[in-house]
>>> print(open('run22.tsv').read())   # TSV, C-alpha atoms
chain	number	residue	atom	x	y	z
A	24	MET	CA	187.00	0.13	234.56
A	25	LEU	CA	187.71	3.80	233.99
A	26	ASP	CA	184.81	6.22	234.31
A	27	PRO	CA	184.03	7.63	230.79
A	28	ASP	CA	184.10	11.20	232.12
A	29	ALA	CA	187.49	10.59	233.72
A	30	LYS	CA	188.63	9.37	230.28
A	31	LEU	CA	187.44	12.64	228.76
A	32	MET	CA	189.33	14.57	231.41
A	33	LEU	CA	192.50	12.59	230.65
A	34	GLN	CA	192.07	13.37	226.96
A	35	PHE	CA	191.70	17.03	227.83
A	36	LYS	CA	194.88	16.75	229.88
A	37	ARG	CA	196.60	15.60	226.68
A	38	GLY	CA	195.39	18.71	224.87
A	39	LYS	CA	191.93	17.94	223.48
A	40	GLU	CA	189.99	21.03	224.49
A	41	ASP	CA	186.69	19.77	223.03
A	42	CYS	CA	186.67	17.04	225.71
A	43	PHE	CA	186.45	19.74	228.35
A	44	GLU	CA	183.55	21.31	226.46
A	45	GLN	CA	181.72	17.97	226.60
A	46	LEU	CA	182.29	17.68	230.33
A	47	MET	CA	181.09	21.19	230.91
A	48	LYS	CA	177.93	20.65	228.88
A	49	LYS	CA	177.18	17.53	230.91
A	50	TYR	CA	177.85	18.94	234.37
A	51	LYS	CA	177.09	22.66	234.23
A	52	ASN	CA	173.48	22.28	235.45
A	53	ARG	CA	174.46	19.93	238.27
A	54	VAL	CA	177.24	22.19	239.49
A	55	VAL	CA	175.04	25.29	239.30
A	56	ASN	CA	172.31	23.48	241.26
A	57	ILE	CA	174.63	22.27	244.00
A	58	ILE	CA	175.98	25.79	244.46
A	59	TYR	CA	172.51	27.31	244.24
A	60	LYS	CA	171.34	25.10	247.10
A	61	PHE	CA	174.18	26.42	249.23
A	62	ILE	CA	174.14	30.08	248.20
A	63	GLY	CA	170.50	30.68	247.23
A	64	ASP	CA	171.31	33.21	244.52
A	65	ARG	CA	171.15	32.23	240.88
A	66	ASP	CA	173.68	34.75	239.51
A	67	GLU	CA	176.20	34.09	242.23
A	68	ALA	CA	175.72	30.35	241.76
A	69	GLU	CA	176.63	30.75	238.08
A	70	ASP	CA	179.69	32.86	238.87
A	71	LEU	CA	180.90	30.26	241.35
A	72	ALA	CA	180.15	27.45	238.88
A	73	ILE	CA	182.43	29.20	236.37
A	74	GLU	CA	185.08	29.37	239.11
A	75	VAL	CA	184.70	25.62	239.72
A	76	PHE	CA	185.19	24.79	236.05
A	77	LEU	CA	188.11	27.19	235.86
A	78	ARG	CA	189.82	25.36	238.74
A	79	VAL	CA	189.26	22.03	237.01
A	80	TYR	CA	190.59	23.49	233.76
A	81	LYS	CA	193.72	24.91	235.39
A	82	SER	CA	194.50	21.83	237.45
A	83	ALA	CA	194.12	19.43	234.51
A	84	LYS	CA	197.90	18.89	234.35
A	85	ASN	CA	197.76	17.36	237.85
A	86	TYR	CA	194.57	15.35	237.27
A	87	GLN	CA	194.69	11.64	238.08
A	88	ALA	CA	191.71	9.39	237.43
A	89	ILE	CA	191.69	7.81	240.90
A	90	SER	CA	187.95	8.33	241.40
A	91	LYS	CA	184.92	9.18	239.28
A	92	PHE	CA	185.19	12.54	237.56
A	93	SER	CA	181.91	13.65	239.16
A	94	THR	CA	183.35	12.99	242.63
A	95	TYR	CA	186.38	15.15	241.79
A	96	LEU	CA	184.18	17.91	240.38
A	97	TYR	CA	181.63	17.91	243.22
A	98	LYS	CA	184.43	17.99	245.77
A	99	ILE	CA	185.77	21.19	244.24
A	100	ALA	CA	182.25	22.66	244.09
A	101	VAL	CA	181.46	21.76	247.71
A	102	ASN	CA	184.76	23.16	249.00
A	103	LEU	CA	184.22	26.38	247.09
A	104	CYS	CA	180.70	26.68	248.54
A	105	LEU	CA	181.88	26.08	252.09
A	106	ASN	CA	184.62	28.69	251.67
A	107	GLU	CA	182.09	31.14	250.28
A	108	LEU	CA	179.73	30.49	253.19
A	109	ARG	CA	182.57	31.03	255.65
A	110	ARG	CA	183.43	34.30	253.91
A	111	ARG	CA	179.78	35.38	254.01
A	112	LYS	CA	179.48	34.54	257.67
A	113	LYS	CA	182.43	36.83	258.27
A	114	HIS	CA	181.00	39.66	256.19
A	115	ARG	CA	177.33	38.89	256.85
A	116	VAL	CA	176.14	38.78	253.23
A	117	ILE	CA	172.45	37.98	252.91
A	118	SER	CA	170.90	36.89	249.64
A	119	LEU	CA	167.21	37.36	249.04
A	120	ASP	CA	167.01	35.81	245.59
A	121	MET	CA	164.83	32.72	245.59
A	122	SER	CA	164.07	32.52	241.91
A	123	VAL	CA	161.67	30.11	240.30
A	124	PHE	CA	162.18	28.58	236.93
A	125	PRO	CA	161.24	30.33	233.74
A	126	ASP	CA	160.50	27.13	231.83
A	127	GLN	CA	157.66	26.23	234.20
A	128	LEU	CA	155.62	29.42	233.63
A	129	PRO	CA	153.78	29.25	236.93
A	130	SER	CA	150.89	31.55	237.89
A	131	PRO	CA	151.73	34.58	240.08
A	132	LEU	CA	150.19	32.82	243.08
A	133	ASN	CA	152.28	29.74	242.40
A	134	ILE	CA	155.39	31.90	242.02
A	135	LEU	CA	154.73	33.38	245.41
A	136	GLU	CA	154.02	29.98	246.95
A	137	GLN	CA	157.07	28.44	245.32
A	138	ARG	CA	159.25	31.38	246.40
A	139	GLU	CA	158.04	31.16	249.94
A	140	LYS	CA	158.57	27.43	249.95
A	141	ASN	CA	162.09	27.78	248.50
A	142	ALA	CA	162.92	30.46	251.05
A	143	LEU	CA	161.60	28.30	253.88
A	144	ILE	CA	163.56	25.23	252.75
A	145	LYS	CA	166.72	27.29	252.33
A	146	LYS	CA	166.24	28.86	255.75
A	147	MET	CA	165.76	25.45	257.36
A	148	ILE	CA	168.74	23.88	255.58
A	149	ASP	CA	170.88	26.87	256.59
A	150	THR	CA	170.28	26.08	260.24
A	151	LEU	CA	172.09	22.75	259.85
A	152	PRO	CA	175.82	22.39	260.53
A	153	SER	CA	177.78	22.54	257.26
A	154	SER	CA	178.67	18.82	257.32
A	155	GLN	CA	174.98	17.83	257.55
A	156	ARG	CA	173.96	20.45	255.01
A	157	THR	CA	176.50	19.26	252.45
A	158	ALA	CA	175.50	15.61	252.82
A	159	LEU	CA	171.81	16.50	252.59
A	160	THR	CA	172.27	18.65	249.47
A	161	LEU	CA	174.23	15.96	247.66
A	162	GLN	CA	171.82	13.20	248.64
A	163	THR	CA	168.48	14.99	248.26
A	164	TYR	CA	169.12	17.14	245.22
A	165	GLU	CA	171.86	15.28	243.35
A	166	GLU	CA	170.67	11.82	244.45
A	167	LEU	CA	174.20	10.62	245.10
A	168	SER	CA	174.76	7.39	246.99
A	169	TYR	CA	176.17	7.40	250.52
A	170	LYS	CA	179.39	5.95	249.11
A	171	GLU	CA	179.83	8.74	246.59
A	172	ILE	CA	179.07	11.36	249.25
A	173	SER	CA	181.62	9.77	251.59
A	174	LYS	CA	184.29	10.17	248.90
A	175	ILE	CA	183.40	13.81	248.33
A	176	LEU	CA	183.38	14.60	252.04
A	177	ASP	CA	186.39	12.42	252.88
A	178	CYS	CA	184.55	10.46	255.55
A	179	SER	CA	183.15	6.95	256.05
A	180	VAL	CA	179.82	5.69	254.69
A	181	LYS	CA	178.68	5.34	258.31
A	182	GLY	CA	179.63	8.96	258.87
A	183	VAL	CA	177.41	10.02	255.95
A	184	GLU	CA	174.56	7.90	257.32
A	185	ARG	CA	174.86	9.60	260.72
A	186	ARG	CA	174.95	13.08	259.19
A	187	LEU	CA	171.90	12.44	257.03
A	188	HIS	CA	170.01	10.84	259.91
A	189	ARG	CA	170.64	13.87	262.14
A	190	ALA	CA	169.90	16.33	259.34
A	191	LYS	CA	166.56	14.78	258.45
A	192	ILE	CA	165.47	14.31	262.06
A	193	ASN	CA	166.33	17.99	262.68
A	194	LEU	CA	164.42	19.13	259.63
A	195	LYS	CA	161.46	16.88	260.39
A	196	ARG	CA	161.16	18.60	263.76
A	197	LYS	CA	161.58	22.10	262.35
A	198	LEU	CA	159.28	21.56	259.38
A	199	GLY	CA	156.64	19.81	261.49
A	200	PRO	CA	154.01	22.58	261.33
A	201	TYR	CA	154.38	22.89	257.54
A	202	LEU	CA	154.33	19.16	256.92
A	203	LYS	CA	150.85	18.83	258.38
A	204	SER	CA	149.44	21.10	255.68
A	205	GLU	CA	151.27	19.19	252.92
A	206	LYS	CA	149.23	16.60	251.04
B	13	MET	CA	163.92	-5.40	266.52
B	14	LYS	CA	163.54	-2.51	268.96
B	15	CYS	CA	161.97	0.83	267.95
B	16	ARG	CA	165.18	2.69	268.89
B	17	VAL	CA	167.26	0.54	266.53
B	18	VAL	CA	164.71	0.77	263.72
B	19	ARG	CA	164.38	4.56	264.01
B	20	ARG	CA	168.13	4.97	263.71
B	21	LYS	CA	167.93	3.15	260.36
B	22	LEU	CA	164.79	4.73	258.93
B	23	VAL	CA	166.52	7.52	256.99
B	24	ALA	CA	168.95	5.06	255.39
B	25	TYR	CA	165.99	2.73	254.65
B	26	LEU	CA	164.13	5.54	252.85
B	27	ASP	CA	167.29	6.42	250.91
B	28	GLY	CA	167.66	2.77	249.80
B	29	GLU	CA	170.92	2.39	251.70
B	30	VAL	CA	170.23	-0.70	253.83
B	31	ASN	CA	170.99	-4.28	252.90
B	32	GLU	CA	168.30	-6.91	252.18
B	33	LYS	CA	168.35	-8.36	255.68
B	34	GLN	CA	167.97	-4.97	257.36
B	35	LYS	CA	165.21	-4.08	254.90
B	36	MET	CA	163.21	-7.19	255.83
B	37	LEU	CA	163.64	-6.57	259.56
B	38	ILE	CA	162.59	-2.93	259.27
B	39	GLU	CA	159.56	-3.72	257.12
B	40	GLY	CA	158.52	-6.48	259.55
B	41	HIS	CA	158.75	-4.02	262.44
B	42	LEU	CA	156.82	-1.29	260.59
B	43	ASN	CA	153.91	-3.70	260.00
B	44	GLN	CA	153.53	-4.09	263.74
B	45	CYS	CA	154.51	-0.68	265.18
B	46	ASP	CA	152.25	2.35	264.69
B	47	GLY	CA	154.76	4.73	266.31
B	48	CYS	CA	157.52	3.85	263.84
B	49	LYS	CA	155.01	3.92	260.96
B	50	LYS	CA	154.11	7.49	261.95
B	51	GLU	CA	157.79	8.37	262.16
B	52	ILE	CA	158.51	7.03	258.67
B	53	ASN	CA	155.52	8.95	257.27
B	54	LEU	CA	156.86	12.19	258.71
B	55	LEU	CA	160.35	11.49	257.35
B	56	THR	CA	158.89	10.73	253.91
B	57	LYS	CA	156.96	14.02	253.98
B	58	THR	CA	160.12	15.86	255.06
B	59	SER	CA	162.05	14.42	252.10
B	60	GLN	CA	159.22	15.28	249.70
B	61	PHE	CA	159.03	18.80	251.06
B	62	LEU	CA	162.78	19.27	250.66
B	63	LYS	CA	162.65	17.93	247.11
B	64	SER	CA	160.01	20.47	246.17
B	65	TRP	CA	162.85	23.01	245.94
B	66	LYS	CA	163.22	22.42	242.26
B	67	ARG	CA	166.24	22.49	240.03
B	68	ILE	CA	167.29	25.48	237.98
B	69	GLU	CA	168.74	25.58	234.48
B	70	ALA	CA	172.14	27.18	233.95
B	71	SER	CA	171.87	30.26	231.76
B	72	GLU	CA	172.81	30.00	228.10
B	73	ASP	CA	175.78	32.33	228.38
B	74	LEU	CA	177.45	30.40	231.22
B	75	GLU	CA	179.72	28.53	228.82
B	76	ALA	CA	180.55	31.66	226.83
B	77	ASN	CA	181.42	33.48	230.06
B	78	PHE	CA	183.60	30.58	231.10
B	79	TRP	CA	185.60	30.57	227.85
B	80	LYS	CA	185.96	34.34	228.02
B	81	LYS	CA	187.45	33.95	231.48
B	82	VAL	CA	189.76	31.17	230.27
B	83	SER	CA	191.19	33.38	227.52
B	84	LEU	CA	191.69	36.22	230.01
B	85	GLU	CA	193.45	33.86	232.41
B	86	LYS	CA	195.61	32.57	229.58
B	87	GLU	CA	196.71	36.09	228.76
B	88	ARG	CA	197.36	36.92	232.37
B	89	TYR	CA	198.71	33.65	233.70
B	90	PHE	CA	199.53	31.03	231.10
B	91	LEU	CA	201.46	33.17	228.62
B	92	PRO	CA	204.08	35.02	230.70
B	93	GLN	CA	205.19	31.91	232.50
B	94	PRO	CA	206.89	30.06	229.62
B	95	ILE	CA	208.51	33.31	228.51
B	96	LEU	CA	209.82	33.92	232.02
B	97	ARG	CA	210.93	30.31	232.29
B	98	TRP	CA	212.84	30.72	229.00
B	99	LEU	CA	214.30	34.07	229.99
B	100	THR	CA	215.47	33.21	233.50
B	101	PRO	CA	218.65	31.25	232.59
B	102	ILE	CA	219.76	34.08	230.27
B	103	ALA	CA	218.48	37.08	232.18
B	104	LEU	CA	220.05	36.20	235.51
B	105	PRO	CA	223.76	36.03	234.44
B	106	VAL	CA	223.30	39.00	232.09
B	107	SER	CA	221.89	41.17	234.85
B	108	ILE	CA	224.65	40.12	237.29
B	109	ALA	CA	227.34	40.97	234.67
B	110	ALA	CA	225.68	44.35	233.96
B	111	VAL	CA	225.64	45.22	237.66
B	112	LEU	CA	229.35	44.32	237.97
B	113	ILE	CA	230.36	46.39	234.92
B	114	VAL	CA	228.40	49.44	236.08
B	115	GLY	CA	229.98	48.99	239.53
B	116	VAL	CA	233.53	48.97	238.13
B	117	ILE	CA	232.92	52.04	235.93
B	118	LEU	CA	231.33	53.97	238.78
B	119	GLY	CA	234.15	52.93	241.13
B	120	ASN	CA	236.78	54.22	238.69
B	121	PHE	CA	235.01	57.50	238.18
B	122	VAL	CA	234.52	58.11	241.90
B	123	GLY	CA	238.17	57.12	242.56
B	124	GLU	CA	239.53	59.58	240.01
B	125	PHE	CA	237.36	62.38	241.28
B	126	THR	CA	238.34	61.94	244.93
B	127	SER	CA	242.11	61.62	244.17
B	128	SER	CA	242.16	64.87	242.09
B	129	GLN	CA	240.34	66.63	244.89
B	130	SER	CA	242.87	65.44	247.49
B	131	ALA	CA	245.82	66.59	245.25
B	132	ASN	CA	244.40	70.13	245.13
B	133	LEU	CA	243.91	70.05	248.84
B	134	TRP	CA	247.52	68.92	249.42
B	135	GLU	CA	248.94	71.86	247.36
B	136	GLU	CA	246.82	74.38	249.27
B	137	GLU	CA	247.91	72.84	252.57
B	138	TYR	CA	251.66	73.09	251.60
B	139	VAL	CA	251.39	76.80	250.74
B	140	SER	CA	249.57	77.52	253.94
B	141	LEU	CA	251.97	75.50	256.15
B	142	SER	CA	255.18	77.12	254.72
B	143	GLY	CA	253.75	80.59	255.39
B	144	LEU	CA	253.95	81.63	251.74
B	145	ASP	CA	250.36	82.73	251.76
B	146	SER	CA	251.13	85.26	254.53
B	147	PHE	CA	253.75	87.26	252.42
B	148	GLN	CA	252.51	90.76	251.72
B	149	ASP	CA	253.84	93.64	249.52
B	150	PHE	CA	255.47	96.69	251.22
B	151	LEU	CA	253.15	99.56	251.94
B	152	PRO	CA	253.67	102.34	249.36
B	153	GLY	CA	256.02	105.06	250.69
B	154	SER	CA	257.12	103.03	253.70
B	155	VAL	CA	260.77	102.85	254.91
B	156	SER	CA	260.91	99.19	254.03
B	157	GLU	CA	259.95	99.89	250.45
B	158	VAL	CA	262.59	102.63	250.08
B	159	TYR	CA	265.27	100.33	251.57
B	160	PHE	CA	264.20	97.45	249.32
B	161	ASN	CA	264.33	99.64	246.22
B	162	LEU	CA	267.78	100.94	247.12
B	163	THR	CA	269.27	97.50	247.69
B	164	GLU	CA	267.78	96.33	244.42
B	165	ILE	CA	269.43	99.26	242.53
B	166	GLU	CA	272.77	98.50	244.27
B	167	GLY	CA	272.58	94.90	243.33
B	168	GLY	CA	271.78	95.85	239.73
B	169	LYS	CA	274.92	97.82	239.43
>>> encode(input="run22.tsv", output="structure tokens")
Amino acid sequence: MLDPDAKLMLQFKRGKEDCFEQLMKKYKNRVVNIIYKFIGDRDEAEDLAIEVFLRVYKSAKNYQAISKFSTYLYKIAVNLCLNELRRRKKHRVISLDMSVFPDQLPSPLNILEQREKNALIKKMIDTLPSSQRTALTLQTYEELSYKEISKILDCSVKGVERRLHRAKINLKRKLGPYLKSEK
Amino acid sequence: MKCRVVRRKLVAYLDGEVNEKQKMLIEGHLNQCDGCKKEINLLTKTSQFLKSWKRIEASEDLEANFWKKVSLEKERYFLPQPILRWLTPIALPVSIAAVLIVGVILGNFVGEFTSSQSANLWEEEYVSLSGLDSFQDFLPGSVSEVYFNLTEIEGGK
């Protein structure tokens, strides 16, 4: 059975622009969050999210519903993030933005704690190889199944399992001192 | 089940990615092994710690910015293409014909100019070769002039 979002994309391909609006409304937060986990800067994450949707928009004429629409979209987002990280590595761009979320209205102390925590998690995740980092981001923050991740990363389910195993064992070791203080 | 085998599956077990049989075997082992129990507690805490990096909300103007960019792209990219595609079959032969016509006209003009120049040159060369340009008048009061004048008067008679 065809994924309903893939159906919307096919309708957009036939000229219904409002179908693309629906898809964007549904996925904008997810795409921004995936990118944010890679880049760590809210504004840049939004700019790149716009770029992702623009690529989907422009390549609609070649779109084929061979997999779930989310897989197609996340694949574009992940590739864009990896390219951006490669570019940054070359030019040594460092982002210091670790924003917290306005809707939560936390106390200044909590903001500081949350910022420090975000910065620490980001720093730890950044130490992982990109293949492990991508699998971890998609599994931990987007709660995708191993099968879905394998389609996005073009690898086997076993391959995803291995990457996540290594990533979490690495992080467990690195986060050890902080985990003891966690309740 | 050995600890080494169980530990290799613990992450997948926590992520709900093992089958029923594996799940039973792992849970049976965890009930007996304190080392693996400790390991799974640490992995659970790691996952919880990672998940504490909360989600953000996309800003309200993200969609507006996207559509603005789409219209800019349409102006820059989408529009000229069909026009170019439509123009190409006409523009190509027309431009080739124009180049040929201009070439012929220019060729004619240059040809005429060079041939008139060579005609002038030929005339000048003829005069110079036959020595006509070296003929000079007699000096006034010279013997030659007197003799020439006399013979001319004789001939006139």
>>> atom_distance(input="run22.tsv", atom1="atom CA of B:Cys48", atom2="atom CA of A:Thr163")
22.1 Å
>>> residues_around(input="run22.tsv", residues="A:Arg78", least_positions_apart="5", cutoff="9 Å", atoms="only C-alpha atoms", output="ChimeraX atom specification")
/A:73,83,99
>>> closest_residue(input="run22.tsv", among="B:Leu74, B:Val18, B:Ala24, B:Gln44", to="A:Ala190", atoms="all atoms listed in the file")
B:Ala24
>>> atom_distance(input="run22.tsv", atom1="atom CA of A:Asp149", atom2="atom CA of A:Asp64")
13.6 Å
>>> interface_residues(input="run22.tsv", of="chain B", to="chain A", cutoff="8 Å", atoms="all atoms listed in the file", output="PDB file with C-alpha atoms, in the frame of the given file")
ATOM      1  CA  ARG B  20     168.130   4.970 263.710  1.00  0.00           C
ATOM      2  CA  LYS B  21     167.930   3.150 260.360  1.00  0.00           C
ATOM      3  CA  VAL B  23     166.520   7.520 256.990  1.00  0.00           C
ATOM      4  CA  ALA B  24     168.950   5.060 255.390  1.00  0.00           C
ATOM      5  CA  GLU B  29     170.920   2.390 251.700  1.00  0.00           C
ATOM      6  CA  LEU B  54     156.860  12.190 258.710  1.00  0.00           C
ATOM      7  CA  LEU B  55     160.350  11.490 257.350  1.00  0.00           C
ATOM      8  CA  LYS B  57     156.960  14.020 253.980  1.00  0.00           C
ATOM      9  CA  THR B  58     160.120  15.860 255.060  1.00  0.00           C
ATOM     10  CA  SER B  59     162.050  14.420 252.100  1.00  0.00           C
ATOM     11  CA  PHE B  61     159.030  18.800 251.060  1.00  0.00           C
ATOM     12  CA  LEU B  62     162.780  19.270 250.660  1.00  0.00           C
ATOM     13  CA  LYS B  63     162.650  17.930 247.110  1.00  0.00           C
ATOM     14  CA  SER B  64     160.010  20.470 246.170  1.00  0.00           C
ATOM     15  CA  TRP B  65     162.850  23.010 245.940  1.00  0.00           C
ATOM     16  CA  ARG B  67     166.240  22.490 240.030  1.00  0.00           C
ATOM     17  CA  ILE B  68     167.290  25.480 237.980  1.00  0.00           C
ATOM     18  CA  GLU B  69     168.740  25.580 234.480  1.00  0.00           C
ATOM     19  CA  ALA B  70     172.140  27.180 233.950  1.00  0.00           C
ATOM     20  CA  SER B  71     171.870  30.260 231.760  1.00  0.00           C
ATOM     21  CA  LEU B  74     177.450  30.400 231.220  1.00  0.00           C
ATOM     22  CA  GLU B  75     179.720  28.530 228.820  1.00  0.00           C
ATOM     23  CA  ASN B  77     181.420  33.480 230.060  1.00  0.00           C
ATOM     24  CA  PHE B  78     183.600  30.580 231.100  1.00  0.00           C
ATOM     25  CA  VAL B  82     189.760  31.170 230.270  1.00  0.00           C
TER      26      VAL B  82
END
>>> atom_distance(input="run22.tsv", atom1="atom CA of A:Phe92", atom2="atom CA of A:Gly38")
17.4 Å
>>> residues_around(input="run22.tsv", residues="A:Leu103", least_positions_apart="4", cutoff="10 Å", atoms="all atoms listed in the file", output="PyMOL selection string")
chain A and resi 58+71-72+74-75+97-99+107-109
>>> residues_around(input="run22.tsv", residues="A:Asn85", least_positions_apart="3", cutoff="12 Å", atoms="all atoms listed in the file", output="ChimeraX atom specification")
/A:32-33,35-37,78-82,88-89
>>> closest_residue(input="run22.tsv", among="B:Lys66, B:Met13, B:Gly28, B:Leu151", to="B:Leu42", atoms="all atoms listed in the file")
B:Met13
>>> residues_near_point(input="run22.tsv", point="(188.1, 2.9, 233.5)", cutoff="10 Å", atoms="all atoms listed in the file", output="ChimeraX atom specification")
/A:24-30,88-91
>>> decode(input="run22.tsv", residues="stretch 179-200 of chain A", atoms="N, CA and C atoms", output="CSV table (one decimal), in the first residue's frame")
chain,number,residue,atom,x,y,z
A,179,SER,N,22.7,-2.3,5.5
A,179,SER,CA,21.8,-3.3,6.0
A,179,SER,C,21.3,-3.0,7.4
A,180,VAL,N,20.3,-3.7,7.8
A,180,VAL,CA,19.8,-3.6,9.2
A,180,VAL,C,20.9,-3.9,10.2
A,181,LYS,N,21.6,-5.0,9.9
A,181,LYS,CA,22.7,-5.4,10.7
A,181,LYS,C,23.8,-4.3,10.8
A,182,GLY,N,24.0,-3.6,9.7
A,182,GLY,CA,25.0,-2.5,9.7
A,182,GLY,C,24.5,-1.4,10.6
A,183,VAL,N,23.2,-1.1,10.6
A,183,VAL,CA,22.7,-0.1,11.5
A,183,VAL,C,22.8,-0.5,13.0
A,184,GLU,N,22.6,-1.8,13.2
A,184,GLU,CA,22.7,-2.3,14.6
A,184,GLU,C,24.1,-2.2,15.1
A,185,ARG,N,25.1,-2.5,14.2
A,185,ARG,CA,26.5,-2.4,14.6
A,185,ARG,C,26.9,-0.9,14.9
A,186,ARG,N,26.4,0.0,14.0
A,186,ARG,CA,26.7,1.4,14.2
A,186,ARG,C,26.2,1.9,15.5
A,187,LEU,N,24.9,1.5,15.8
A,187,LEU,CA,24.3,2.0,17.0
A,187,LEU,C,24.9,1.4,18.3
A,188,HIS,N,25.3,0.1,18.2
A,188,HIS,CA,25.9,-0.5,19.3
A,188,HIS,C,27.2,0.2,19.6
A,189,ARG,N,28.1,0.4,18.6
A,189,ARG,CA,29.4,1.1,18.8
A,189,ARG,C,29.2,2.5,19.3
A,190,ALA,N,28.2,3.2,18.7
A,190,ALA,CA,27.9,4.6,19.1
A,190,ALA,C,27.6,4.7,20.6
A,191,LYS,N,26.7,3.8,21.0
A,191,LYS,CA,26.2,3.9,22.4
A,191,LYS,C,27.2,3.4,23.4
A,192,ILE,N,28.0,2.4,23.0
A,192,ILE,CA,29.1,2.0,23.9
A,192,ILE,C,30.1,3.1,24.1
A,193,ASN,N,30.4,3.7,23.0
A,193,ASN,CA,31.4,4.9,23.0
A,193,ASN,C,30.9,6.0,23.9
A,194,LEU,N,29.6,6.3,23.7
A,194,LEU,CA,29.0,7.4,24.5
A,194,LEU,C,28.9,7.1,26.0
A,195,LYS,N,28.6,5.8,26.2
A,195,LYS,CA,28.4,5.3,27.6
A,195,LYS,C,29.8,5.6,28.3
A,196,ARG,N,30.8,5.2,27.6
A,196,ARG,CA,32.2,5.4,28.2
A,196,ARG,C,32.5,6.9,28.4
A,197,LYS,N,32.2,7.7,27.4
A,197,LYS,CA,32.6,9.1,27.5
A,197,LYS,C,31.7,9.8,28.5
A,198,LEU,N,30.4,9.4,28.6
A,198,LEU,CA,29.5,10.1,29.5
A,198,LEU,C,29.5,9.6,30.9
A,199,GLY,N,30.3,8.5,31.1
A,199,GLY,CA,30.4,7.9,32.4
A,199,GLY,C,30.3,8.8,33.6
A,200,PRO,N,31.2,9.7,33.7
A,200,PRO,CA,31.3,10.6,34.9
A,200,PRO,C,30.0,11.4,35.1
